[in-house]
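Raw contents of input09.cif, mmCIF, C-alpha atoms:
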data_entry
#
loop_
_atom_site.label_atom_id
_atom_site.label_comp_id
_atom_site.auth_asym_id
_atom_site.auth_seq_id
_atom_site.Cartn_x
_atom_site.Cartn_y
_atom_site.Cartn_z
CA ARG Y 1 34.81 -1.97 41.71
CA TRP Y 2 31.42 -3.64 41.98
CA CYS Y 3 30.47 -7.31 42.14
CA ARG Y 4 27.41 -9.39 41.41
CA SER Y 5 26.56 -13.05 41.70
CA GLY Y 6 27.30 -14.98 38.54
CA GLY Y 7 24.45 -16.36 36.48
CA GLY Y 8 26.06 -19.65 35.56
CA GLY Y 9 26.50 -18.68 31.92
CA SER Y 10 28.23 -20.90 29.42
CA GLY Y 11 31.31 -18.70 29.10
CA MET Y 12 34.42 -20.57 30.19
CA SER Y 13 36.27 -18.27 32.57
CA SER Y 14 38.18 -18.39 35.81
CA ARG Y 15 36.08 -15.74 37.51
CA GLY Y 16 33.97 -18.16 39.52
CA PRO Y 17 30.43 -17.64 40.73
CA TRP Y 18 31.02 -13.97 41.56
CA SER Y 19 31.67 -11.46 38.82
CA CYS Y 20 33.44 -8.19 39.65
CA ALA Y 21 33.72 -5.19 37.34
CA TYR Y 22 36.82 -3.02 37.56
CA GLU Y 23 35.80 0.09 35.68
CA ARG Y 24 38.72 2.43 35.02
CA GLY Y 25 38.35 5.81 33.38
CA PRO Y 26 35.27 7.63 32.05
CA ALA Y 27 32.53 5.98 30.03
CA PRO Y 28 33.98 5.02 26.64
CA SER Y 29 32.96 6.28 23.22
CA GLN Y 30 33.95 5.46 19.66
CA SER Y 31 36.32 8.41 19.72
CA SER Y 32 37.86 7.45 23.07
CA ILE Y 33 38.83 3.94 21.94
CA GLU Y 34 40.20 5.31 18.65
CA ALA Y 35 42.23 8.07 20.30
CA LEU Y 36 46.03 7.94 20.24
CA ARG Y 37 45.94 8.38 24.02
CA GLY Y 38 43.36 7.52 26.66
CA PRO Y 39 42.47 9.41 29.85
CA TYR Y 40 45.50 8.34 31.93
CA ALA Y 41 48.90 10.02 31.93
CA VAL Y 42 51.55 7.36 31.45
CA SER Y 43 55.02 6.84 32.89
CA GLN Y 44 57.52 4.18 31.85
CA THR Y 45 60.41 2.25 33.33
CA SER Y 46 62.97 -0.04 31.72
CA VAL Y 47 63.74 -3.59 32.82
CA SER Y 48 67.29 -4.61 31.97
CA SER Y 49 67.89 -8.03 30.49
CA LEU Y 50 70.36 -8.48 33.37
CA SER Y 51 67.55 -8.22 35.92
CA ALA Y 52 65.09 -10.33 33.93
CA THR Y 53 64.73 -14.06 34.41
CA GLY Y 54 63.31 -16.16 31.59
CA PHE Y 55 62.88 -13.32 29.06
CA GLY Y 56 64.97 -10.53 27.58
CA GLY Y 57 63.91 -7.44 29.52
CA GLY Y 58 61.70 -4.67 28.22
CA THR Y 59 59.73 -1.53 29.01
CA ILE Y 60 56.84 -1.16 31.46
CA TYR Y 61 54.24 1.52 30.72
CA TYR Y 62 51.82 2.35 33.52
CA PRO Y 63 49.19 4.92 34.51
CA THR Y 64 50.85 7.57 36.66
CA SER Y 65 47.79 8.03 38.89
CA THR Y 66 47.12 5.68 41.79
CA SER Y 67 43.75 7.22 42.71
CA ASP Y 68 41.75 4.53 40.89
CA GLY Y 69 43.40 1.60 42.68
CA THR Y 70 45.12 -1.28 40.93
CA PHE Y 71 45.11 -2.04 37.22
CA GLY Y 72 45.07 -5.14 35.07
CA ALA Y 73 48.30 -5.92 33.21
CA VAL Y 74 49.31 -7.12 29.75
CA VAL Y 75 52.62 -8.45 28.41
CA ILE Y 76 53.36 -8.16 24.67
CA SER Y 77 55.92 -10.20 22.71
CA PRO Y 78 57.49 -9.27 19.37
CA GLY Y 79 57.86 -11.72 16.50
CA PHE Y 80 60.61 -13.74 14.85
CA THR Y 81 63.85 -11.72 14.34
CA ALA Y 82 62.15 -8.67 15.87
CA TYR Y 83 62.79 -6.55 18.94
CA GLU Y 84 60.62 -4.85 21.52
CA SER Y 85 60.66 -1.70 19.39
CA SER Y 86 58.44 -3.44 16.81
CA ILE Y 87 55.48 -3.50 19.20
CA ALA Y 88 56.40 -0.48 21.37
CA TRP Y 89 53.54 1.68 20.06
CA LEU Y 90 51.06 -0.50 21.92
CA GLY Y 91 52.68 0.30 25.30
CA PRO Y 92 51.55 3.89 25.87
CA ARG Y 93 48.42 3.46 23.77
CA LEU Y 94 47.04 0.68 25.97
CA ALA Y 95 48.48 1.97 29.26
CA SER Y 96 46.80 5.35 28.80
CA GLN Y 97 43.46 3.50 28.78
CA GLY Y 98 44.10 2.04 32.23
CA PHE Y 99 46.45 -0.96 32.05
CA VAL Y 100 50.00 -1.74 33.05
CA VAL Y 101 51.69 -2.84 29.81
CA PHE Y 102 55.02 -4.65 29.48
CA THR Y 103 56.56 -4.79 25.98
CA ILE Y 104 59.40 -7.30 26.07
CA ASP Y 105 62.43 -8.50 24.22
CA THR Y 106 62.84 -12.24 23.90
CA LEU Y 107 65.94 -14.15 24.95
CA THR Y 108 66.98 -14.37 21.30
CA THR Y 109 65.28 -12.97 18.22
CA LEU Y 110 65.02 -16.51 16.80
CA ASP Y 111 62.95 -17.99 19.66
CA GLN Y 112 60.02 -20.14 18.53
CA PRO Y 113 56.38 -19.73 19.68
CA ASP Y 114 56.57 -22.24 22.55
CA SER Y 115 59.56 -20.38 23.97
CA ARG Y 116 57.85 -17.03 23.49
CA GLY Y 117 54.84 -18.35 25.38
CA ARG Y 118 57.01 -19.26 28.35
CA GLN Y 119 58.70 -15.87 28.16
CA LEU Y 120 55.36 -14.05 28.21
CA LEU Y 121 54.51 -15.88 31.44
CA ALA Y 122 57.95 -15.21 32.93
CA ALA Y 123 57.48 -11.52 32.16
CA LEU Y 124 54.04 -11.53 33.81
CA ASP Y 125 55.59 -13.09 36.90
CA HIS Y 126 58.31 -10.44 36.93
CA LEU Y 127 55.69 -7.73 36.52
CA THR Y 128 53.52 -8.92 39.42
CA GLU Y 129 56.21 -10.19 41.80
CA ARG Y 130 59.44 -8.25 41.24
CA SER Y 131 58.83 -5.09 39.23
CA SER Y 132 58.87 -1.59 40.71
CA VAL Y 133 55.19 -1.20 39.76
CA ARG Y 134 53.93 -4.48 41.20
CA GLY Y 135 51.87 -2.60 43.80
CA ARG Y 136 49.87 -0.98 41.02
CA ILE Y 137 48.82 -4.33 39.51
CA ASP Y 138 45.96 -6.69 40.31
CA ALA Y 139 47.70 -10.04 39.76
CA SER Y 140 44.37 -11.78 39.17
CA ARG Y 141 43.69 -9.68 36.05
CA LEU Y 142 46.33 -10.45 33.46
CA GLY Y 143 46.52 -10.85 29.69
CA VAL Y 144 48.96 -11.59 26.88
CA MET Y 145 49.48 -10.30 23.35
CA GLY Y 146 52.08 -10.87 20.68
CA HIS Y 147 52.95 -10.40 17.03
CA SER Y 148 53.71 -13.22 14.57
CA MET Y 149 55.61 -15.92 16.52
CA GLY Y 150 54.78 -13.79 19.56
CA GLY Y 151 51.14 -14.28 18.58
CA GLY Y 152 51.76 -18.00 18.42
CA GLY Y 153 53.37 -17.64 21.84
CA THR Y 154 50.27 -15.83 23.08
CA LEU Y 155 48.22 -18.96 22.35
CA GLU Y 156 50.87 -21.13 24.04
CA ALA Y 157 50.76 -18.92 27.16
CA ALA Y 158 46.96 -19.02 27.34
CA LYS Y 159 47.03 -22.79 26.99
CA SER Y 160 49.62 -23.11 29.77
CA ARG Y 161 48.00 -20.67 32.19
CA PRO Y 162 44.18 -20.85 32.13
CA SER Y 163 43.92 -18.10 34.77
CA LEU Y 164 44.77 -15.49 32.13
CA GLN Y 165 41.81 -13.24 31.42
CA ALA Y 166 42.53 -12.22 27.80
CA ALA Y 167 44.73 -13.24 24.86
CA ILE Y 168 45.26 -11.36 21.59
CA PRO Y 169 47.51 -12.89 18.91
CA LEU Y 170 48.36 -10.31 16.22
CA THR Y 171 48.91 -11.92 12.77
CA GLY Y 172 50.01 -14.96 14.74
CA TRP Y 173 52.24 -17.76 13.45
CA ASN Y 174 52.45 -21.26 14.89
CA THR Y 175 52.94 -24.77 13.50
CA ASP Y 176 50.23 -25.91 15.93
CA LYS Y 177 46.89 -24.96 14.38
CA SER Y 178 44.53 -26.42 16.99
CA TRP Y 179 43.76 -24.86 20.38
CA PRO Y 180 40.74 -26.61 21.94
CA GLU Y 181 42.37 -26.48 25.40
CA ILE Y 182 42.25 -22.68 25.68
CA THR Y 183 39.76 -21.28 28.19
CA THR Y 184 40.96 -17.64 28.06
CA PRO Y 185 38.80 -15.19 26.07
CA THR Y 186 40.76 -14.79 22.84
CA LEU Y 187 40.67 -12.18 20.07
CA VAL Y 188 42.50 -13.47 16.98
CA ILE Y 189 43.64 -10.68 14.65
CA GLY Y 190 44.69 -11.57 11.11
CA ALA Y 191 45.48 -9.60 7.95
CA ASP Y 192 43.94 -10.21 4.52
CA GLY Y 193 47.28 -9.61 2.74
CA ASP Y 194 49.46 -11.67 5.08
CA THR Y 195 51.88 -13.82 3.07
CA VAL Y 196 54.06 -14.82 6.06
CA ALA Y 197 51.26 -16.27 8.20
CA PRO Y 198 48.30 -16.43 5.79
CA VAL Y 199 44.98 -16.34 7.60
CA SER Y 200 43.85 -19.51 5.82
CA SER Y 201 46.62 -21.53 7.48
CA HIS Y 202 47.10 -19.59 10.74
CA SER Y 203 44.60 -17.10 12.19
CA GLU Y 204 41.45 -18.74 10.81
CA PRO Y 205 42.26 -22.30 11.99
CA PHE Y 206 43.43 -20.86 15.33
CA TYR Y 207 40.05 -19.18 15.78
CA GLN Y 208 37.99 -22.12 14.51
CA SER Y 209 39.76 -24.56 16.84
CA LEU Y 210 38.97 -22.56 19.98
CA PRO Y 211 36.04 -24.05 21.95
CA SER Y 212 32.62 -22.99 20.68
CA SER Y 213 31.62 -22.18 24.27
CA LEU Y 214 34.52 -19.71 24.63
CA ASP Y 215 34.21 -15.95 24.38
CA LYS Y 216 36.23 -15.52 21.20
CA ALA Y 217 36.46 -13.30 18.13
CA TYR Y 218 38.24 -13.19 14.79
CA LEU Y 219 39.15 -9.82 13.27
CA GLU Y 220 40.62 -9.85 9.77
CA LEU Y 221 42.15 -6.51 8.84
CA ASN Y 222 41.39 -5.14 5.37
CA GLY Y 223 44.26 -3.92 3.18
CA ALA Y 224 46.80 -5.13 5.73
CA THR Y 225 49.96 -7.24 5.80
CA HIS Y 226 51.78 -9.47 8.27
CA PHE Y 227 53.64 -6.41 9.53
CA THR Y 228 50.66 -4.09 10.01
CA PRO Y 229 50.79 -4.66 13.82
CA ASN Y 230 54.30 -3.14 13.88
CA THR Y 231 53.08 0.42 13.41
CA SER Y 232 50.35 2.44 15.08
CA ASN Y 233 46.99 1.12 13.89
CA THR Y 234 43.63 2.41 15.09
CA THR Y 235 41.65 -0.73 14.23
CA ILE Y 236 44.04 -2.99 16.14
CA ALA Y 237 44.06 -0.55 19.05
CA LYS Y 238 40.32 0.01 19.39
CA TYR Y 239 39.40 -3.67 19.37
CA SER Y 240 42.33 -4.66 21.56
CA ILE Y 241 41.37 -2.00 24.10
CA SER Y 242 37.74 -3.13 24.01
CA TRP Y 243 38.71 -6.81 24.41
CA LEU Y 244 41.11 -6.15 27.28
CA LYS Y 245 38.61 -3.88 29.04
CA ARG Y 246 35.78 -6.37 28.58
CA PHE Y 247 37.67 -9.43 29.83
CA ILE Y 248 40.54 -8.24 32.04
CA ASP Y 249 38.44 -5.56 33.75
CA ASN Y 250 35.05 -7.21 33.15
CA ASP Y 251 33.98 -3.70 32.12
CA THR Y 252 30.74 -4.26 30.23
CA ARG Y 253 30.72 -0.61 29.11
CA TYR Y 254 32.96 -1.86 26.28
CA GLU Y 255 30.61 -4.63 25.16
CA GLN Y 256 28.99 -2.15 22.76
CA PHE Y 257 32.12 -2.12 20.57
CA LEU Y 258 32.25 -5.94 20.30
CA CYS Y 259 28.57 -6.89 20.13
CA PRO Y 260 26.74 -6.73 17.82
CA LEU Y 261 29.67 -7.86 15.69
CA PRO Y 262 31.49 -5.06 13.83
CA ARG Y 263 30.61 -4.87 10.14
CA PRO Y 264 33.08 -5.08 7.24
CA SER Y 265 34.51 -1.66 6.43
CA LEU Y 266 37.51 0.06 4.87
CA THR Y 267 39.64 -1.40 7.66
CA ILE Y 268 37.77 -4.63 8.51
CA GLU Y 269 37.69 -7.45 5.96
CA GLU Y 270 35.72 -9.75 8.24
CA TYR Y 271 34.72 -10.05 11.90
CA ARG Y 272 33.38 -13.17 13.55
CA GLY Y 273 32.62 -13.80 17.18
CA THR Y 274 30.44 -15.15 19.94
CA CYS Y 275 27.84 -12.64 21.09
CA PRO Y 276 26.67 -11.79 23.62
CA HIS Y 277 29.64 -12.53 25.86
CA ASP Y 278 29.10 -14.73 28.91
CA SER Y 279 32.27 -14.12 30.91
#
Can I see the file as structure tokens?
Amino acid sequence: RWCRSGGGGSGMSSRGPWSCAYERGPAPSQSSIEALRGPYAVSQTSVSSLSATGFGGGTIYYPTSTSDGTFGAVVISPGFTAYESSIAWLGPRLASQGFVVFTIDTLTTLDQPDSRGRQLLAALDHLTERSSVRGRIDASRLGVMGHSMGGGGTLEAAKSRPSLQAAIPLTGWNTDKSWPEITTPTLVIGADGDTVAPVSSHSEPFYQSLPSSLDKAYLELNGATHFTPNTSNTTIAKYSISWLKRFIDNDTRYEQFLCPLPRPSLTIEEYRGTCPHDS
């Protein structure tokens, strides 16, 4: 870890006047962020719904090694009618890059975004205060992700808890389209072929409503559907890893993958964002 005095940039973050980088793992490359597994061996442990308070239990994936100190942590919610299994691929993929990752079940599969937002926060509290891996986690470096209504819940959680360092809604759905209160760096991921939560009425207004001074980005997947985040996807993984590294770990080695803005490609329909990042 290294720290430097902040420069008073315009980025809205909770880091304060001092900025600390928590570099984990070797210097990244295009191939390392696209790889199915990162440099860390990963273990996992289950959390029973009986021992969970405020959410439905889940699976914690974490780097086996303790030699690099503590890690940032991320909780991920599934979508409407879905279970933890629908977003399970993200657990080992992100954890192997140097994060503790908690993929959760919700209290019921029909829970709405506001409930899912509260459950994401309850799961973060379990992770940092009660879980068997709490000693491996830096409780000041936390983020949230979610698919569909879980993506809508991701925005709700970031609104409710400004101390969060990163938020990534994946083809998010929410009846609330406006999020000017959010101060957490947010990567909105939409899909060009989404007919459940069309980007024109969900992901795009979500992104546009975030404060202009915020570190934010909008990634629209090319040739994708609402359910693309439910199976292993390199584009989702590489930009999620880069976003989490850049804002949870303040690891500027990953800035190169976010700025300058990625160009449209076979997998990217469109990418917008604020560059360079201030946080």
Might you pull out every residue within 12 Å of Leu170 (chain Y), with only C-alpha atoms counted and same-chain residues fewer than 6 positions away left off, and present them as a ChimeraX atom specification?
/Y:76-79,87,90,144-155,186-191,194,197,199,202-203,206,218-221,224-230,233,235-237,239-240
Since we have the selection now, will you write its residues out, keeping C-alpha atoms, as a short mmCIF file (atom, residue, chain, number, x, y, z; two decimals), in the frame of the given file?
data_model
loop_
_atom_site.label_atom_id
_atom_site.label_comp_id
_atom_site.auth_asym_id
_atom_site.auth_seq_id
_atom_site.Cartn_x
_atom_site.Cartn_y
_atom_site.Cartn_z
CA ILE Y 76 53.36 -8.16 24.67
CA SER Y 77 55.92 -10.20 22.71
CA PRO Y 78 57.49 -9.27 19.37
CA GLY Y 79 57.86 -11.72 16.50
CA ILE Y 87 55.48 -3.50 19.20
CA LEU Y 90 51.06 -0.50 21.92
CA VAL Y 144 48.96 -11.59 26.88
CA MET Y 145 49.48 -10.30 23.35
CA GLY Y 146 52.08 -10.87 20.68
CA HIS Y 147 52.95 -10.40 17.03
CA SER Y 148 53.71 -13.22 14.57
CA MET Y 149 55.61 -15.92 16.52
CA GLY Y 150 54.78 -13.79 19.56
CA GLY Y 151 51.14 -14.28 18.58
CA GLY Y 152 51.76 -18.00 18.42
CA GLY Y 153 53.37 -17.64 21.84
CA THR Y 154 50.27 -15.83 23.08
CA LEU Y 155 48.22 -18.96 22.35
CA THR Y 186 40.76 -14.79 22.84
CA LEU Y 187 40.67 -12.18 20.07
CA VAL Y 188 42.50 -13.47 16.98
CA ILE Y 189 43.64 -10.68 14.65
CA GLY Y 190 44.69 -11.57 11.11
CA ALA Y 191 45.48 -9.60 7.95
CA ASP Y 194 49.46 -11.67 5.08
CA ALA Y 197 51.26 -16.27 8.20
CA VAL Y 199 44.98 -16.34 7.60
CA HIS Y 202 47.10 -19.59 10.74
CA SER Y 203 44.60 -17.10 12.19
CA PHE Y 206 43.43 -20.86 15.33
CA TYR Y 218 38.24 -13.19 14.79
CA LEU Y 219 39.15 -9.82 13.27
CA GLU Y 220 40.62 -9.85 9.77
CA LEU Y 221 42.15 -6.51 8.84
CA ALA Y 224 46.80 -5.13 5.73
CA THR Y 225 49.96 -7.24 5.80
CA HIS Y 226 51.78 -9.47 8.27
CA PHE Y 227 53.64 -6.41 9.53
CA THR Y 228 50.66 -4.09 10.01
CA PRO Y 229 50.79 -4.66 13.82
CA ASN Y 230 54.30 -3.14 13.88
CA ASN Y 233 46.99 1.12 13.89
CA THR Y 235 41.65 -0.73 14.23
CA ILE Y 236 44.04 -2.99 16.14
CA ALA Y 237 44.06 -0.55 19.05
CA TYR Y 239 39.40 -3.67 19.37
CA SER Y 240 42.33 -4.66 21.56
#
Taking the file as shown, find all residues satisfying the PyMOL selection byres ((chain Y and resi 114-124) around 10) and write them as a compact mmCIF listing (two decimals) with C-alpha atoms, in the coordinates of the input.
# COMPACT_ATOMS: atom_id res chain seq x y z
CA ALA Y 52 65.09 -10.33 33.93
CA THR Y 53 64.73 -14.06 34.41
CA GLY Y 54 63.31 -16.16 31.59
CA PHE Y 55 62.88 -13.32 29.06
CA GLY Y 56 64.97 -10.53 27.58
CA GLY Y 57 63.91 -7.44 29.52
CA GLY Y 58 61.70 -4.67 28.22
CA ALA Y 73 48.30 -5.92 33.21
CA VAL Y 74 49.31 -7.12 29.75
CA VAL Y 75 52.62 -8.45 28.41
CA ILE Y 76 53.36 -8.16 24.67
CA SER Y 77 55.92 -10.20 22.71
CA PRO Y 78 57.49 -9.27 19.37
CA GLY Y 79 57.86 -11.72 16.50
CA PHE Y 80 60.61 -13.74 14.85
CA VAL Y 101 51.69 -2.84 29.81
CA PHE Y 102 55.02 -4.65 29.48
CA THR Y 103 56.56 -4.79 25.98
CA ILE Y 104 59.40 -7.30 26.07
CA ASP Y 105 62.43 -8.50 24.22
CA THR Y 106 62.84 -12.24 23.90
CA LEU Y 107 65.94 -14.15 24.95
CA THR Y 108 66.98 -14.37 21.30
CA THR Y 109 65.28 -12.97 18.22
CA LEU Y 110 65.02 -16.51 16.80
CA ASP Y 111 62.95 -17.99 19.66
CA GLN Y 112 60.02 -20.14 18.53
CA PRO Y 113 56.38 -19.73 19.68
CA ASP Y 125 55.59 -13.09 36.90
CA HIS Y 126 58.31 -10.44 36.93
CA LEU Y 127 55.69 -7.73 36.52
CA THR Y 128 53.52 -8.92 39.42
CA GLU Y 129 56.21 -10.19 41.80
CA ARG Y 130 59.44 -8.25 41.24
CA SER Y 131 58.83 -5.09 39.23
CA ALA Y 139 47.70 -10.04 39.76
CA LEU Y 142 46.33 -10.45 33.46
CA GLY Y 143 46.52 -10.85 29.69
CA VAL Y 144 48.96 -11.59 26.88
CA MET Y 145 49.48 -10.30 23.35
CA GLY Y 146 52.08 -10.87 20.68
CA MET Y 149 55.61 -15.92 16.52
CA GLY Y 150 54.78 -13.79 19.56
CA GLY Y 151 51.14 -14.28 18.58
CA GLY Y 152 51.76 -18.00 18.42
CA GLY Y 153 53.37 -17.64 21.84
CA THR Y 154 50.27 -15.83 23.08
CA LEU Y 155 48.22 -18.96 22.35
CA GLU Y 156 50.87 -21.13 24.04
CA ALA Y 157 50.76 -18.92 27.16
CA ALA Y 158 46.96 -19.02 27.34
CA LYS Y 159 47.03 -22.79 26.99
CA SER Y 160 49.62 -23.11 29.77
CA ARG Y 161 48.00 -20.67 32.19
CA LEU Y 164 44.77 -15.49 32.13
CA ASN Y 174 52.45 -21.26 14.89
CA ASP Y 176 50.23 -25.91 15.93
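Among the candidate residues Y:Glu181, Y:Asp68, Y:Asp278, Y:Asp192, the one lying nearest to Gly223 (chain Y) is Y:Asp192, with distances computed using all atoms listed in the file.
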Can you tell me which residues surround His277 (chain Y) at a distance of at most 12 Å, considering all atoms listed in the file, apart from same-chain residues fewer than 4 positions away, and format the answer as a CSV table (one decimal) with C-alpha atoms, keeping the file's coordinate frame?
chain,number,residue,atom,x,y,z
Y,9,GLY,CA,26.5,-18.7,31.9
Y,10,SER,CA,28.2,-20.9,29.4
Y,11,GLY,CA,31.3,-18.7,29.1
Y,12,MET,CA,34.4,-20.6,30.2
Y,13,SER,CA,36.3,-18.3,32.6
Y,185,PRO,CA,38.8,-15.2,26.1
Y,186,THR,CA,40.8,-14.8,22.8
Y,213,SER,CA,31.6,-22.2,24.3
Y,214,LEU,CA,34.5,-19.7,24.6
Y,215,ASP,CA,34.2,-16.0,24.4
Y,216,LYS,CA,36.2,-15.5,21.2
Y,217,ALA,CA,36.5,-13.3,18.1
Y,243,TRP,CA,38.7,-6.8,24.4
Y,246,ARG,CA,35.8,-6.4,28.6
Y,247,PHE,CA,37.7,-9.4,29.8
Y,250,ASN,CA,35.0,-7.2,33.2
Y,251,ASP,CA,34.0,-3.7,32.1
Y,252,THR,CA,30.7,-4.3,30.2
Y,254,TYR,CA,33.0,-1.9,26.3
Y,255,GLU,CA,30.6,-4.6,25.2
Y,256,GLN,CA,29.0,-2.2,22.8
Y,257,PHE,CA,32.1,-2.1,20.6
Y,258,LEU,CA,32.2,-5.9,20.3
Y,259,CYS,CA,28.6,-6.9,20.1
Y,260,PRO,CA,26.7,-6.7,17.8
Y,261,LEU,CA,29.7,-7.9,15.7
Y,273,GLY,CA,32.6,-13.8,17.2
Run the PyMOL selection byres ((chain Y and resi 210) around 7) against the file shown and list the residues it catches, as a VMD selection string.
chain Y and resid 179 to 180 182 206 to 209 211 to 212
